[in-house]
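*Asks:* Let me give you the structure first, and then I'll get to my questions.
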Amino acid sequence: MSEFTFQTKVLHGKHRIEPTYGGVSVPIHHTSTHHQYDIDAFGKYDYNRAGNPTREALEDTIAELEGGTRGFAFSSGMAAISTAFLLLSAGDHVIITEDVYGGTYRFVTEVLGRMGISYTYVDMTDIEKVREAIQPNTKVIYMETPSNPTLKITDIRALTQLAKEVGALTFLDNTFMTPQLQRPLELGVDVVLHSATKFLGGHSDVLAGLAVVNDSQLAYRLEFLQKAFGAVLGVQDAWLVMRGIKTLHVRMEQSMKAALQLASYLEHHSKVKRVYYPGLASHEGYEIHQEQAYGPGAVLSFELCDEDTFRLFVEKIKIPVFAVSLGGVESILSYPAKMSHAAMPQEEREKRGISNTLLRFSVGLENIEDILQDFEQALR
Ligand SMILES: *Cc1c(COP(=O)(O)O)cnc(C)c1O
């Protein structure tokens, strides 16, 4: 089905028809082990931490959508990210984008550091800063673009080229874009990571993580680590993510259209100090994003003019749930300083533009006129 567009591919992947009875939904194989019929030749599956047909269907699906050769499903986005970091050894060095997801920041600083892996946070909008941070033992350059929550743009092609010059691998957290809007492997990235909890799952009802590669050696190493570390995704959850992916295209298109309208509205509102959204021509890195992605996504952040306005707004807004997370069918309003980035000290947060009046909004599937009206009354 590779000749078709993404919109069609999300529905008609390798597992669209189940081979035994022709079912059009992937069966949920609830089993922890598989009987072996032959003492000399074991079947494809044995113990299910190493492989399960339902999980594998999801792994094939994400690999196909990202344009990779192998996908891996984990029990959460952080499980996928942490397992990928296990490709490193003591003595190695990582360069990581400074406004990385809070949980990734926590894992790198609190866990990798303790295991003898050093790290440098840099502003990846500036390739020269990345170049300066390179050390002889730099093994991984870790990107997140657009970043969280200020949606900073990293030039993926420039960074993968730099990484190749110095023999480092590149990881990219593609959660905000999904393969619909950005396919990092095509731009030279080695490992694509996802919190499938967000847009891929899409319904705020499942935690899941994914990793995708297109190099057979890397696939072999990640497969080993997935089994060795053991943070695999359960079959019910794998099924929920596959169900979510079937409507990814239609959800993303709808939410993205609304996000652009909302961002334009906020940009001109007197009580809004600043709007961060890669779909606005005024957004830093707008052109680079246009060249490497197929759309700006459905997440935007905005800074309100002062703390009083901020408190009143959060109190008065009706439609969104006020919560951690993003990418659901319902709009989600988050407060990065106290939610996703709570693990980061205030000083570090402020350096990254995550002020105490910054809010992040993940646009869901509500009618945009209702959303605009709700913002209008809450800001008033
Ligand atoms: C949510 C998120 C994660 C972590 O994923 P979990 O599924 O919550 O473990 C990682 N990166 C980004 C960008 C996220 O939004």
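Residues in the structure tokens are numbered from 1 in each chain, the chains being A, B, ... in the order shown, and ligands are numbered from 1 in the order shown.
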Ligand 1: which residues are within 8 Å, counting only C-alpha atoms and all ligand atoms, as a list in words?
*Replies:*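 Checking only C-alpha atoms and all ligand atoms against ligand 1 at 8 Å gives Ser75, Ser76, Gly77, Met78, Ala79, Ala80, Ile81, Val100, Tyr101, Gly102, Gly103, Thr104, Glu144, Ser147, Asn148, Asp173, Asn174, Thr175, Phe176, His194, Ser195, Ala196, Thr197, Lys198, Leu207, Ala208, Gly209, Ser325 and Leu326 of chain A.
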*Asks:* Find the spatial neighbours of stretch 265-280 of chain A, counting only C-alpha atoms, within a cut-off of 7 Å - ignore same-chain residues fewer than 2 positions away - and output them as a list of chain:residue names.
*Replies:*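 So the residues in contact are A:Thr150, A:Leu151, A:Leu260, A:Gln261, A:Leu262, A:Ala263, A:Ser282, A:His283, A:Tyr286, A:Pro296, A:Leu300, A:Ser301, A:Phe302, A:Glu303, A:Leu304, A:Cys305.
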*Asks:* Those same residues - N, CA and C atoms - I'd like them written as a compact mmCIF listing (two decimals), in the first residue's frame.
*Replies:*
# COMPACT_ATOMS: atom_id res chain seq x y z
N THR A 150 7.33 25.42 24.13
CA THR A 150 7.41 26.68 23.37
C THR A 150 7.55 26.44 21.86
N LEU A 151 7.43 25.19 21.43
CA LEU A 151 7.35 24.83 20.02
C LEU A 151 8.51 25.38 19.19
N LEU A 260 -4.99 26.69 14.07
CA LEU A 260 -4.54 27.86 13.32
C LEU A 260 -5.47 29.05 13.56
N GLN A 261 -6.77 28.78 13.58
CA GLN A 261 -7.73 29.85 13.84
C GLN A 261 -7.55 30.42 15.25
N LEU A 262 -7.37 29.51 16.21
CA LEU A 262 -7.21 29.94 17.59
C LEU A 262 -5.92 30.73 17.78
N ALA A 263 -4.84 30.25 17.16
CA ALA A 263 -3.54 30.94 17.29
C ALA A 263 -3.64 32.35 16.70
N SER A 282 4.84 34.43 12.06
CA SER A 282 5.68 35.17 13.02
C SER A 282 6.48 34.23 13.93
N HIS A 283 6.19 32.94 13.89
CA HIS A 283 6.86 31.99 14.78
C HIS A 283 8.31 31.77 14.34
N TYR A 286 9.62 29.19 11.57
CA TYR A 286 8.47 28.88 10.71
C TYR A 286 8.91 28.28 9.37
N PRO A 296 1.60 22.32 10.96
CA PRO A 296 2.05 22.82 12.26
C PRO A 296 1.54 22.05 13.47
N LEU A 300 -0.59 24.50 20.75
CA LEU A 300 -0.03 25.85 20.78
C LEU A 300 0.12 26.27 22.24
N SER A 301 1.01 27.22 22.45
CA SER A 301 1.19 27.76 23.80
C SER A 301 1.03 29.26 23.73
N PHE A 302 0.61 29.84 24.85
CA PHE A 302 0.47 31.30 24.87
C PHE A 302 0.73 31.81 26.28
N GLU A 303 1.27 33.02 26.31
CA GLU A 303 1.60 33.62 27.58
C GLU A 303 0.62 34.75 27.84
N LEU A 304 0.02 34.75 29.02
CA LEU A 304 -0.92 35.82 29.34
C LEU A 304 -0.17 36.99 29.97
N CYS A 305 -0.85 38.15 29.95
CA CYS A 305 -0.15 39.40 30.30
C CYS A 305 0.27 39.49 31.77
*Asks:* Rank A:Gly295, A:Gly51, A:Pro320, A:Gly353 by their smallest atom-to-atom distance to A:Glu98, using only C-alpha atoms, and report the top residue only.
*Replies:* A:Gly353
*Asks:* For A:Arg243, which residue out of A:Ala168, A:Leu200, A:Leu358, A:Ala211 is the nearest one, using only C-alpha atoms?
*Replies:*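 The answer is A:Leu200, which sits nearest to A:Arg243.
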*Asks:* Name the residues of stretch 101-308 of chain A that fall into strand (DSSP E or B) according to DSSP on the backbone, using the chain letters and numbers of this document, as number ranges by chain.
*Replies:* A: 118-122, 138-144, 169-173, 191-195, 209-213, 232, 272-276, 299-304
*Asks:* Write out the residues from the selection above, keeping N, CA and C atoms, as a compact mmCIF listing (two decimals), in the first residue's frame.
*Replies:*
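What ended up in out.txt:
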# COMPACT_ATOMS: atom_id res chain seq x y z
N SER A 118 27.26 11.31 30.54
CA SER A 118 27.20 12.76 30.72
C SER A 118 26.31 13.38 29.65
N TYR A 119 25.87 14.59 29.91
CA TYR A 119 24.91 15.22 28.99
C TYR A 119 25.11 16.73 28.97
N THR A 120 24.75 17.32 27.84
CA THR A 120 24.78 18.77 27.70
C THR A 120 23.47 19.20 27.07
N TYR A 121 22.79 20.13 27.73
CA TYR A 121 21.56 20.70 27.15
C TYR A 121 21.93 21.89 26.30
N VAL A 122 21.41 21.93 25.09
CA VAL A 122 21.69 23.10 24.24
C VAL A 122 20.41 23.59 23.57
N THR A 138 30.67 11.97 22.30
CA THR A 138 29.25 12.24 22.02
C THR A 138 28.69 11.12 21.14
N LYS A 139 27.69 10.43 21.68
CA LYS A 139 27.15 9.27 20.95
C LYS A 139 25.73 9.50 20.47
N VAL A 140 25.03 10.43 21.11
CA VAL A 140 23.64 10.67 20.71
C VAL A 140 23.33 12.16 20.71
N ILE A 141 22.63 12.60 19.68
CA ILE A 141 22.07 13.95 19.67
C ILE A 141 20.55 13.76 19.69
N TYR A 142 19.93 14.33 20.72
CA TYR A 142 18.50 14.08 20.97
C TYR A 142 17.69 15.33 20.68
N MET A 143 16.75 15.19 19.73
CA MET A 143 15.93 16.34 19.31
C MET A 143 14.47 16.17 19.68
N GLU A 144 13.81 17.31 19.80
CA GLU A 144 12.37 17.31 19.94
C GLU A 144 11.92 18.55 19.17
N LEU A 169 24.61 9.07 16.88
CA LEU A 169 23.25 8.73 16.45
C LEU A 169 22.34 9.92 16.74
N THR A 170 21.23 10.00 16.00
CA THR A 170 20.23 11.02 16.32
C THR A 170 18.93 10.34 16.74
N PHE A 171 18.34 10.85 17.83
CA PHE A 171 17.02 10.43 18.30
C PHE A 171 16.10 11.62 18.11
N LEU A 172 14.85 11.36 17.79
CA LEU A 172 13.90 12.47 17.69
C LEU A 172 12.55 12.06 18.28
N ASP A 173 12.07 12.87 19.20
CA ASP A 173 10.75 12.65 19.79
C ASP A 173 9.73 13.30 18.87
N VAL A 191 16.66 7.14 15.25
CA VAL A 191 15.61 6.53 16.09
C VAL A 191 14.49 7.55 16.30
N VAL A 192 13.28 7.20 15.87
CA VAL A 192 12.12 8.06 16.10
C VAL A 192 11.37 7.52 17.32
N LEU A 193 11.02 8.44 18.22
CA LEU A 193 10.35 8.04 19.45
C LEU A 193 8.98 8.71 19.55
N HIS A 194 8.06 8.01 20.21
CA HIS A 194 6.71 8.55 20.36
C HIS A 194 6.15 8.27 21.73
N SER A 195 5.41 9.23 22.24
CA SER A 195 4.44 8.92 23.26
C SER A 195 3.15 8.71 22.48
N GLY A 209 4.11 3.80 24.25
CA GLY A 209 5.28 4.41 23.63
C GLY A 209 5.74 3.60 22.44
N LEU A 210 6.36 4.28 21.46
CA LEU A 210 6.82 3.58 20.27
C LEU A 210 8.22 4.06 19.88
N ALA A 211 8.96 3.17 19.24
CA ALA A 211 10.25 3.54 18.67
C ALA A 211 10.30 2.96 17.27
N VAL A 212 10.90 3.68 16.33
CA VAL A 212 11.01 3.19 14.95
C VAL A 212 12.41 3.46 14.42
N VAL A 213 12.94 2.48 13.70
CA VAL A 213 14.27 2.63 13.08
C VAL A 213 14.20 2.07 11.65
N VAL A 232 7.37 -3.69 27.86
CA VAL A 232 6.59 -3.85 26.63
C VAL A 232 5.14 -3.43 26.82
N VAL A 272 -2.96 38.84 25.64
CA VAL A 272 -2.02 37.76 25.34
C VAL A 272 -0.68 38.37 24.95
N LYS A 273 0.33 38.02 25.72
CA LYS A 273 1.65 38.60 25.50
C LYS A 273 2.35 37.96 24.31
N ARG A 274 2.17 36.64 24.19
CA ARG A 274 2.92 35.93 23.17
C ARG A 274 2.23 34.61 22.81
N VAL A 275 2.30 34.26 21.53
CA VAL A 275 1.73 32.98 21.09
C VAL A 275 2.84 32.16 20.44
N TYR A 276 2.90 30.91 20.80
CA TYR A 276 3.87 30.00 20.18
C TYR A 276 3.10 28.97 19.36
N VAL A 299 -1.04 21.73 18.67
CA VAL A 299 -0.68 22.20 20.01
C VAL A 299 -0.11 23.61 19.90
N LEU A 300 -0.59 24.50 20.75
CA LEU A 300 -0.03 25.85 20.78
C LEU A 300 0.12 26.27 22.24
N SER A 301 1.01 27.22 22.45
CA SER A 301 1.19 27.76 23.80
C SER A 301 1.03 29.26 23.73
N PHE A 302 0.61 29.84 24.85
CA PHE A 302 0.47 31.30 24.87
C PHE A 302 0.73 31.81 26.28
N GLU A 303 1.27 33.02 26.31
CA GLU A 303 1.60 33.62 27.58
C GLU A 303 0.62 34.75 27.84
N LEU A 304 0.02 34.75 29.02
CA LEU A 304 -0.92 35.82 29.34
C LEU A 304 -0.17 36.99 29.97
*Asks:* Using only C-alpha atoms, determine which residues lie at most 7 Å from A:His29, disregarding the query and same-chain residues fewer than 6 positions distant; provide the list as a list in words.
*Replies:* Pro53, Thr54 and Val235 of chain A
*Asks:* Now that the selection is made, can you save its residues with all heavy atoms as a short mmCIF file (atom, residue, chain, number, x, y, z; two decimals), in the first residue's frame?
*Replies:*
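Here's the written file result_30.cif:
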data_model
loop_
_atom_site.label_atom_id
_atom_site.label_comp_id
_atom_site.auth_asym_id
_atom_site.auth_seq_id
_atom_site.Cartn_x
_atom_site.Cartn_y
_atom_site.Cartn_z
N PRO A 53 1.64 -11.36 18.70
CA PRO A 53 1.09 -10.97 17.39
C PRO A 53 0.34 -9.63 17.40
O PRO A 53 0.41 -8.88 16.42
CB PRO A 53 0.14 -12.11 17.06
CG PRO A 53 0.50 -13.24 17.95
CD PRO A 53 1.17 -12.67 19.15
N THR A 54 -0.38 -9.32 18.49
CA THR A 54 -1.12 -8.06 18.53
C THR A 54 -0.15 -6.88 18.63
O THR A 54 -0.27 -5.89 17.92
CB THR A 54 -2.09 -8.03 19.73
OG1 THR A 54 -2.89 -9.21 19.69
CG2 THR A 54 -2.98 -6.81 19.68
N VAL A 235 -1.42 -6.16 25.28
CA VAL A 235 -2.17 -6.36 24.03
C VAL A 235 -3.42 -5.49 23.92
O VAL A 235 -3.76 -5.02 22.83
CB VAL A 235 -2.53 -7.84 23.82
CG1 VAL A 235 -1.26 -8.64 23.53
CG2 VAL A 235 -3.27 -8.44 25.01
#
*Asks:* Quick one: everything within 7 Å of stretch 287-294 of chain A, counting only C-alpha atoms, minus sequence neighbours fewer than 5 positions away in the same chain. Send it as a PyMOL selection string.
*Replies:* chain A and resi 153+155+181-182
*Asks:* Apply DSSP to the backbone of this structure and, from stretch 91-211 of chain A, keep only the residues in helix (DSSP H, G or I); write these as a PyMOL selection string.
*Replies:* chain A and resi 102-115+127-133+156-166+178-181+184-187
*Asks:* Set out as JSON lines a contact list for stretch 56-161 of chain A and stretch 39-50 of chain A with a cut-off of 12 Å, giving each residue of stretch 56-161 of chain A that qualifies its closest atom pair and distance in Å to one decimal, counting only C-alpha atoms, ordered by chain and rising residue number.
*Replies:*
{"residue": "A:Glu56", "atom": "CA", "partner": "A:Ala50", "partner_atom": "CA", "distance": 10.2}
{"residue": "A:Phe72", "atom": "CA", "partner": "A:Ala50", "partner_atom": "CA", "distance": 10.8}
{"residue": "A:Ala73", "atom": "CA", "partner": "A:Arg49", "partner_atom": "CA", "distance": 10.9}
{"residue": "A:Phe74", "atom": "CA", "partner": "A:Arg49", "partner_atom": "CA", "distance": 10.5}
{"residue": "A:Ser75", "atom": "CA", "partner": "A:Arg49", "partner_atom": "CA", "distance": 11.5}
*Asks:* Mind writing the picked residues with C-alpha atoms as a PDB file, in the first residue's frame?
*Replies:*
ATOM      1  CA  GLU A  56       3.636  -6.831  16.489  1.00  0.00           C
ATOM      2  CA  PHE A  72       8.812  -1.360  18.860  1.00  0.00           C
ATOM      3  CA  ALA A  73       5.956  -0.827  21.287  1.00  0.00           C
ATOM      4  CA  PHE A  74       6.473   0.027  24.947  1.00  0.00           C
ATOM      5  CA  SER A  75       4.309   0.508  27.999  1.00  0.00           C
TER       6      SER A  75
END
*Asks:* Take atom CA of A:Ala57 and atom CA of A:Arg70 and report the distance between them in Å, one decimal.
*Replies:* 11.2 Å
*Asks:* Using only C-alpha atoms, find the one residue out of A:Thr160, A:Thr61, A:Gln236, A:Thr83 that sits nearest to A:Phe6.
*Replies:*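 Under the stated criterion, the closest residue is A:Thr61.
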*Asks:* Pick the closest to A:Arg221 from A:Val24, A:Phe375, A:Leu87, A:Ile17: which is it, counting only C-alpha atoms?
*Replies:*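 The answer is A:Leu87, which sits nearest to A:Arg221.
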*Asks:* Between atom CA of A:Glu253 and atom CA of A:Gln373, what is the distance in Å, rounded to a tenth?
*Replies:*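 Answer for the atom CA of A:Glu253 to atom CA of A:Gln373 separation: 21.2 Å.
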*Asks:* Pick the closest to A:Ser331 from A:Ala219, A:Ala63, A:Val111, A:Ile368: which is it, counting only C-alpha atoms?
*Replies:*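 Among the listed residues, A:Ile368 lies closest to A:Ser331.
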*Asks:* Ranking A:Glu347, A:Asp306, A:Glu186, A:Glu128 by minimum distance to A:Leu379 and counting only C-alpha atoms, which one comes first?
*Replies:*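 Closest to A:Leu379, using only C-alpha atoms: A:Asp306.
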*Asks:* If you count only C-alpha atoms, which residues fall within 8 Å of A:Ile245, apart from same-chain ones fewer than 3 positions away, as a VMD selection string?
*Replies:* chain A and resid 10 200 to 202 241 to 242 248 to 249
